[in-house]
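Worksheet: one structure, shown below.
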Amino acid sequence: MPHMTAFAKNQWYVAAYAHEVSRELLGRTILGEPLVLYRTEEDGSPVALADRCVHRRYPLSESRLDGDRIVCGYHGFTYDTTGTCVYVPGQKRIPRTARVAAYPVVEQDALIWVWIGDPALADPQRIPRAPHLADPAMTTVTGMEPIDCDYGLLVDNLMDLSHETYLHGGYIGTPEVAETPITTEVDEGAGIVRVSRHMDDAECPPFYARSTGIQGRITRWQDIEYHAPCLYLLHSRIAPVGVVPEADGSDPSGFHTEITYAITPSGPGKVYDFWAVSRDFATDDEEVTTFLRDFNHTVVMQDVDALNLLQGALGSEPAGYQELSINIDTGGLAARRILARLVEEGDKPLERVR
């Protein structure tokens, strides 16, 4: 594979969790574009502006708010929520070019989505959904780790869960994950890849044994739904062997966990790994919440370390190296194909209208 996956600019990307954006200025870099995020005073709606003062490129995220205006911390250039400069020091006339870019931004499902490409193409109806993140019936823990790797490597990692057996053994991986065949479905037009692995009789990994109290072997379902380029959903269900929970969760013997990743390229060779674990069991149990947060953070850091190593290894490969792929890579290869098409077609929207 190429060492760097190109960016599809005319797509929605997660810039932050909703709880991260406040009246404090927050800096994030999306597809190589530095952004500053904050909320307005009046109704709390999120704002995303370019994070560089037009004057001497000082980071606006290191500046301050005056009402809903950002006052640059270097020379005082002041910008409103549209990115228009409304004050410059020492003169009345404001140069016509004194403005910074304002980016379309949408708050949905406890996530802040931004659009870096052509603003005229930014259709909020095309943002994929993750409603469980804001579902009061579920308890969610979240985190974000920056990784020094091409974002395509993180997509690969998440599309092929057989690595759980080896990289995450003793946490979420058991032998059955690698041994069980997968089924893959690809919706090219909508940019969605589905990969399913259903295990009838599997060892219960500590992640579930300690959070659910199940002892003994389990039936385990892993159903992945990847919405290119940014959103990854893993619908995970477990039950004691012999118990088949209803798909809607009405059987109390079934435990449902929604694992969410937002895969947001920060720049070439850098990616934000947003992760969340939502559950419909023991929702008020603080001990379970703390355990899942800490345990999943450990799992994510195992991926971070592996992907940093992998990027280094790929960067030193001689030209002409031929990658080997097998059946377990079907979903990841489909995802790569869709990502390449999104870049190639540029402004052609995905067929993903809700």
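We label chains A, B, ... in the order they appear in the structure tokens, count residues from 1 in each chain, and number ligands from 1 in the order shown.
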
Inset, instruction - Can you pull out every residue within 7 Å of range 145-159 of chain A, counting only C-alpha atoms, but drop anything in the same chain fewer than 2 positions away, and send it as JSON, numbers by chain? - result: {"A": [4, 5, 143, 161, 263, 265, 268, 269, 270, 271, 272, 273, 274, 304, 307, 308, 311, 331, 332]}

Emit the selected residues as a compact mmCIF listing (two decimals), in the first residue's frame, including all heavy atoms.
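For reference, result_22.txt as written:
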# COMPACT_ATOMS: atom_id res chain seq x y z
N MET A 4 1.08 6.77 2.49
CA MET A 4 0.13 7.77 2.94
C MET A 4 -1.16 7.67 2.14
O MET A 4 -1.13 7.67 0.91
CB MET A 4 0.70 9.18 2.80
CG MET A 4 1.86 9.46 3.73
SD MET A 4 1.41 9.37 5.47
CE MET A 4 3.03 9.14 6.19
N THR A 5 -2.29 7.58 2.85
CA THR A 5 -3.59 7.57 2.19
C THR A 5 -4.02 9.02 1.96
O THR A 5 -4.00 9.82 2.90
CB THR A 5 -4.63 6.86 3.09
OG1 THR A 5 -4.12 5.58 3.46
CG2 THR A 5 -5.95 6.68 2.37
N GLY A 143 -12.69 8.58 24.88
CA GLY A 143 -11.30 9.04 24.92
C GLY A 143 -10.84 9.38 23.52
O GLY A 143 -11.54 9.14 22.54
N LEU A 161 -10.59 -7.55 12.90
CA LEU A 161 -10.53 -7.76 14.35
C LEU A 161 -9.79 -9.03 14.74
O LEU A 161 -9.65 -9.31 15.93
CB LEU A 161 -11.95 -7.76 14.93
CG LEU A 161 -12.69 -6.42 14.84
CD1 LEU A 161 -14.07 -6.52 15.46
CD2 LEU A 161 -11.88 -5.31 15.52
N ILE A 263 -12.35 8.17 12.98
CA ILE A 263 -10.99 8.10 12.43
C ILE A 263 -10.76 9.39 11.65
O ILE A 263 -11.19 9.52 10.51
CB ILE A 263 -10.87 6.87 11.50
CG1 ILE A 263 -11.25 5.60 12.26
CG2 ILE A 263 -9.47 6.76 10.91
CD1 ILE A 263 -11.64 4.44 11.36
N PRO A 265 -8.15 12.07 10.10
CA PRO A 265 -6.77 12.43 9.78
C PRO A 265 -6.47 13.84 10.27
O PRO A 265 -7.22 14.77 10.02
CB PRO A 265 -6.72 12.38 8.24
CG PRO A 265 -7.96 11.65 7.82
CD PRO A 265 -8.97 11.87 8.89
N PRO A 268 -0.74 14.55 7.21
CA PRO A 268 -0.06 13.37 6.64
C PRO A 268 0.67 12.59 7.73
O PRO A 268 1.47 13.16 8.48
CB PRO A 268 0.92 13.99 5.65
CG PRO A 268 0.36 15.33 5.32
CD PRO A 268 -0.31 15.80 6.58
N GLY A 269 0.33 11.31 7.87
CA GLY A 269 0.99 10.48 8.88
C GLY A 269 0.56 10.76 10.30
O GLY A 269 1.24 10.37 11.24
N LYS A 270 -0.59 11.41 10.46
CA LYS A 270 -1.11 11.68 11.81
C LYS A 270 -2.62 11.51 11.82
O LYS A 270 -3.29 11.99 10.90
CB LYS A 270 -0.75 13.10 12.27
CG LYS A 270 0.74 13.33 12.50
CD LYS A 270 0.99 14.72 13.01
CE LYS A 270 2.47 14.97 13.26
NZ LYS A 270 3.04 14.11 14.29
N VAL A 271 -3.15 10.87 12.86
CA VAL A 271 -4.59 10.63 12.92
C VAL A 271 -5.08 10.77 14.36
O VAL A 271 -4.36 10.41 15.30
CB VAL A 271 -4.94 9.23 12.34
CG1 VAL A 271 -4.27 8.10 13.13
CG2 VAL A 271 -6.45 9.00 12.26
N TYR A 272 -6.27 11.32 14.51
CA TYR A 272 -6.95 11.33 15.81
C TYR A 272 -7.78 10.04 15.91
O TYR A 272 -8.61 9.78 15.04
CB TYR A 272 -7.88 12.53 15.95
CG TYR A 272 -7.21 13.87 16.00
CD1 TYR A 272 -7.62 14.90 15.15
CD2 TYR A 272 -6.20 14.15 16.92
CE1 TYR A 272 -7.03 16.16 15.20
CE2 TYR A 272 -5.61 15.40 16.98
CZ TYR A 272 -6.02 16.40 16.12
OH TYR A 272 -5.44 17.64 16.18
N ASP A 273 -7.56 9.30 16.98
CA ASP A 273 -8.29 8.06 17.23
C ASP A 273 -9.30 8.33 18.35
O ASP A 273 -8.99 8.20 19.54
CB ASP A 273 -7.29 6.97 17.63
CG ASP A 273 -7.93 5.61 17.90
OD1 ASP A 273 -9.17 5.51 17.81
OD2 ASP A 273 -7.19 4.66 18.20
N PHE A 274 -10.50 8.78 17.96
CA PHE A 274 -11.59 8.97 18.94
C PHE A 274 -12.21 7.62 19.22
O PHE A 274 -12.57 6.90 18.29
CB PHE A 274 -12.67 9.90 18.37
CG PHE A 274 -12.25 11.32 18.16
CD1 PHE A 274 -11.70 11.74 16.96
CD2 PHE A 274 -12.42 12.27 19.17
CE1 PHE A 274 -11.32 13.07 16.75
CE2 PHE A 274 -12.06 13.60 18.98
CZ PHE A 274 -11.50 14.00 17.76
N VAL A 304 -2.21 1.96 19.47
CA VAL A 304 -1.38 3.14 19.21
C VAL A 304 0.09 2.72 19.06
O VAL A 304 0.76 3.09 18.09
CB VAL A 304 -1.53 4.18 20.34
CG1 VAL A 304 -0.49 5.30 20.20
CG2 VAL A 304 -2.94 4.78 20.35
N LEU A 307 0.61 0.68 15.81
CA LEU A 307 0.50 1.45 14.58
C LEU A 307 1.67 2.43 14.42
O LEU A 307 2.13 2.68 13.30
CB LEU A 307 -0.84 2.19 14.53
CG LEU A 307 -2.06 1.27 14.38
CD1 LEU A 307 -3.35 2.04 14.53
CD2 LEU A 307 -2.04 0.54 13.04
N ASN A 308 2.18 2.96 15.53
CA ASN A 308 3.38 3.79 15.45
C ASN A 308 4.56 2.97 14.94
O ASN A 308 5.34 3.41 14.09
CB ASN A 308 3.72 4.39 16.82
CG ASN A 308 2.80 5.55 17.20
OD1 ASN A 308 2.19 6.17 16.35
ND2 ASN A 308 2.71 5.82 18.49
N GLN A 311 3.98 2.18 11.14
CA GLN A 311 4.27 3.31 10.26
C GLN A 311 5.78 3.45 10.05
O GLN A 311 6.24 3.70 8.93
CB GLN A 311 3.71 4.61 10.84
CG GLN A 311 3.85 5.82 9.92
CD GLN A 311 3.03 5.70 8.65
OE1 GLN A 311 1.82 5.52 8.71
NE2 GLN A 311 3.68 5.78 7.50
N GLY A 331 -12.59 -6.78 4.18
CA GLY A 331 -13.22 -5.53 4.60
C GLY A 331 -12.28 -4.35 4.50
O GLY A 331 -12.66 -3.28 4.03
N GLY A 332 -11.04 -4.53 4.96
CA GLY A 332 -10.05 -3.46 4.91
C GLY A 332 -9.73 -3.04 3.48
O GLY A 332 -9.59 -1.84 3.18

Legend entry - Near-Phe255 in chain A list (7 Å; only C-alpha atoms; drop same-chain fewer than 6 positions) as a list in words: Arg237, Ile238, Ala239, Asp280 and Phe281 of chain A

Inset, instruction - Select, from A:Thr212, A:Ser22, A:Thr180, A:Thr78, the residue with the minimum atom-to-atom distance to His256 in chain A, counting only C-alpha atoms. - result: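 Of A:Thr212, A:Ser22, A:Thr180, A:Thr78, the one nearest His256 in chain A is A:Thr212, counting only C-alpha atoms.
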
Legend entry - Those in range 69-313 of chain A with helix (DSSP H, G or I) from DSSP, as a VMD selection string: chain A and resid 119 to 121 124 to 126 131 to 134 151 to 159 161 to 167 175 to 179 206 to 212 286 to 313

Legend entry - Nearest to Leu35 in chain A by atom-to-atom distance, counting only C-alpha atoms, from A:Asp80, A:Glu287, A:Glu62, A:Asp118: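 That would be A:Glu62, the residue with the smallest distance to Leu35 in chain A.
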
Inset, instruction - Quick one: pull the distance between CA of Arg126 in chain A and CA of Tyr103 in chain A, Å, one decimal. - result: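 Taking CA of Arg126 in chain A and CA of Tyr103 in chain A, their separation equals 16.1 Å.
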
Inset, instruction - Compile the contact shell of range 343-346 of chain A as a PyMOL selection string: residues with an atom at most 9 Å away, counting only C-alpha atoms, same-chain residues fewer than 4 positions apart removed. - result: chain A and resi 6-10+338-339

How would the residues just picked look written out with C-alpha atoms as a PDB file, in the first residue's frame?
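Listing of again.pdb after writing:
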ATOM      1  CA  ALA A   6      -4.809  10.720   0.419  1.00  0.00           C
ATOM      2  CA  PHE A   7      -7.478  12.860   2.115  1.00  0.00           C
ATOM      3  CA  ALA A   8     -11.032  13.141   0.823  1.00  0.00           C
ATOM      4  CA  LYS A   9     -11.747  16.798   1.640  1.00  0.00           C
ATOM      5  CA  ASN A  10     -15.431  16.980   0.703  1.00  0.00           C
ATOM      6  CA  ILE A 338     -13.783   3.403  -1.222  1.00  0.00           C
ATOM      7  CA  LEU A 339     -11.341   5.915   0.307  1.00  0.00           C
TER       8      LEU A 339
END

If we count only C-alpha atoms and set the cut-off at 8 Å, which residues sit around Ala262 in chain A, ignoring sequence neighbours fewer than 2 positions away in its own chain? Please answer as a CSV table (one decimal) with C-alpha atoms, in the first residue's frame.
chain,number,residue,atom,x,y,z
A,13,TYR,CA,-15.0,14.5,9.9
A,14,VAL,CA,-15.3,14.4,13.7
A,230,CYS,CA,-14.6,8.7,9.3
A,231,LEU,CA,-17.1,6.7,11.4
A,232,TYR,CA,-16.6,3.1,12.6
A,260,THR,CA,-17.5,3.6,18.3
A,264,THR,CA,-10.0,11.7,11.7
A,272,TYR,CA,-6.9,11.3,15.8
A,273,ASP,CA,-8.3,8.1,17.2
A,274,PHE,CA,-11.6,9.0,18.9
A,275,TRP,CA,-13.0,6.0,20.8

Legend entry - Minimum-distance residue to Gln215 in chain A, chosen among A:Val241, A:Val277, A:Met199, A:Leu65 (using only C-alpha atoms):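 Counting only C-alpha atoms, the residue closest to Gln215 in chain A is A:Val241.
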
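Each of A:Val193, A:Leu350, A:Ala276, A:Ala209 was checked against Tyr226 in chain A using only C-alpha atoms; the smallest atom-to-atom distance is that of A:Val193.
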
Inset, instruction - Please report, as a PyMOL selection string, each residue of range 33-155 of chain A to which DSSP assigns strand (DSSP E) when run on this structure's backbone. - result: chain A and resi 33-39+46-50+64-66+69-71+78-79+85-87+105-108+111-115+139-147

The selected residues should be written to file as a PDB file, in the first residue's frame (atoms: C-alpha atoms).
ATOM      1  CA  GLU A  33      -5.983  22.517   8.459  1.00  0.00           C
ATOM      2  CA  PRO A  34      -5.553  24.053  11.952  1.00  0.00           C
ATOM      3  CA  LEU A  35      -8.971  24.860  13.484  1.00  0.00           C
ATOM      4  CA  VAL A  36     -10.127  26.684  16.592  1.00  0.00           C
ATOM      5  CA  LEU A  37     -13.417  25.526  18.118  1.00  0.00           C
ATOM      6  CA  TYR A  38     -15.668  27.192  20.688  1.00  0.00           C
ATOM      7  CA  ARG A  39     -19.326  27.747  21.604  1.00  0.00           C
ATOM      8  CA  PRO A  46     -20.347  25.389  18.009  1.00  0.00           C
ATOM      9  CA  VAL A  47     -18.088  27.532  15.814  1.00  0.00           C
ATOM     10  CA  ALA A  48     -15.068  26.343  13.786  1.00  0.00           C
ATOM     11  CA  LEU A  49     -12.626  28.907  12.373  1.00  0.00           C
ATOM     12  CA  ALA A  50      -9.158  28.668  10.866  1.00  0.00           C
ATOM     13  CA  ARG A  64      -9.089  34.763  24.128  1.00  0.00           C
ATOM     14  CA  LEU A  65     -12.813  35.281  23.665  1.00  0.00           C
ATOM     15  CA  ASP A  66     -14.546  38.621  24.080  1.00  0.00           C
ATOM     16  CA  ARG A  69     -15.372  37.278  19.134  1.00  0.00           C
ATOM     17  CA  ILE A  70     -11.823  35.955  19.229  1.00  0.00           C
ATOM     18  CA  VAL A  71      -9.185  38.545  20.127  1.00  0.00           C
ATOM     19  CA  THR A  78     -10.546  40.495  16.402  1.00  0.00           C
ATOM     20  CA  TYR A  79     -12.781  38.055  14.491  1.00  0.00           C
ATOM     21  CA  CYS A  85     -12.119  40.687  11.109  1.00  0.00           C
ATOM     22  CA  VAL A  86     -13.989  43.460  12.961  1.00  0.00           C
ATOM     23  CA  TYR A  87     -11.033  45.261  14.570  1.00  0.00           C
ATOM     24  CA  VAL A 105     -19.926  22.567  11.754  1.00  0.00           C
ATOM     25  CA  VAL A 106     -22.691  20.278  13.069  1.00  0.00           C
ATOM     26  CA  GLU A 107     -23.272  18.891  16.557  1.00  0.00           C
ATOM     27  CA  GLN A 108     -24.881  15.465  16.345  1.00  0.00           C
ATOM     28  CA  LEU A 111     -19.942  14.582  18.318  1.00  0.00           C
ATOM     29  CA  ILE A 112     -18.794  17.797  16.621  1.00  0.00           C
ATOM     30  CA  TRP A 113     -18.520  17.269  12.863  1.00  0.00           C
ATOM     31  CA  VAL A 114     -16.680  19.684  10.546  1.00  0.00           C
ATOM     32  CA  TRP A 115     -16.421  20.046   6.777  1.00  0.00           C
ATOM     33  CA  THR A 139     -23.717   4.678  29.556  1.00  0.00           C
ATOM     34  CA  THR A 140     -20.754   5.775  27.458  1.00  0.00           C
ATOM     35  CA  VAL A 141     -17.054   6.249  28.199  1.00  0.00           C
ATOM     36  CA  THR A 142     -14.867   8.129  25.729  1.00  0.00           C
ATOM     37  CA  GLY A 143     -11.303   9.041  24.924  1.00  0.00           C
ATOM     38  CA  MET A 144      -9.066  10.266  22.121  1.00  0.00           C
ATOM     39  CA  GLU A 145      -5.504   9.336  21.263  1.00  0.00           C
ATOM     40  CA  PRO A 146      -3.383  10.976  18.559  1.00  0.00           C
ATOM     41  CA  ILE A 147      -1.368   8.414  16.568  1.00  0.00           C
TER      42      ILE A 147
END
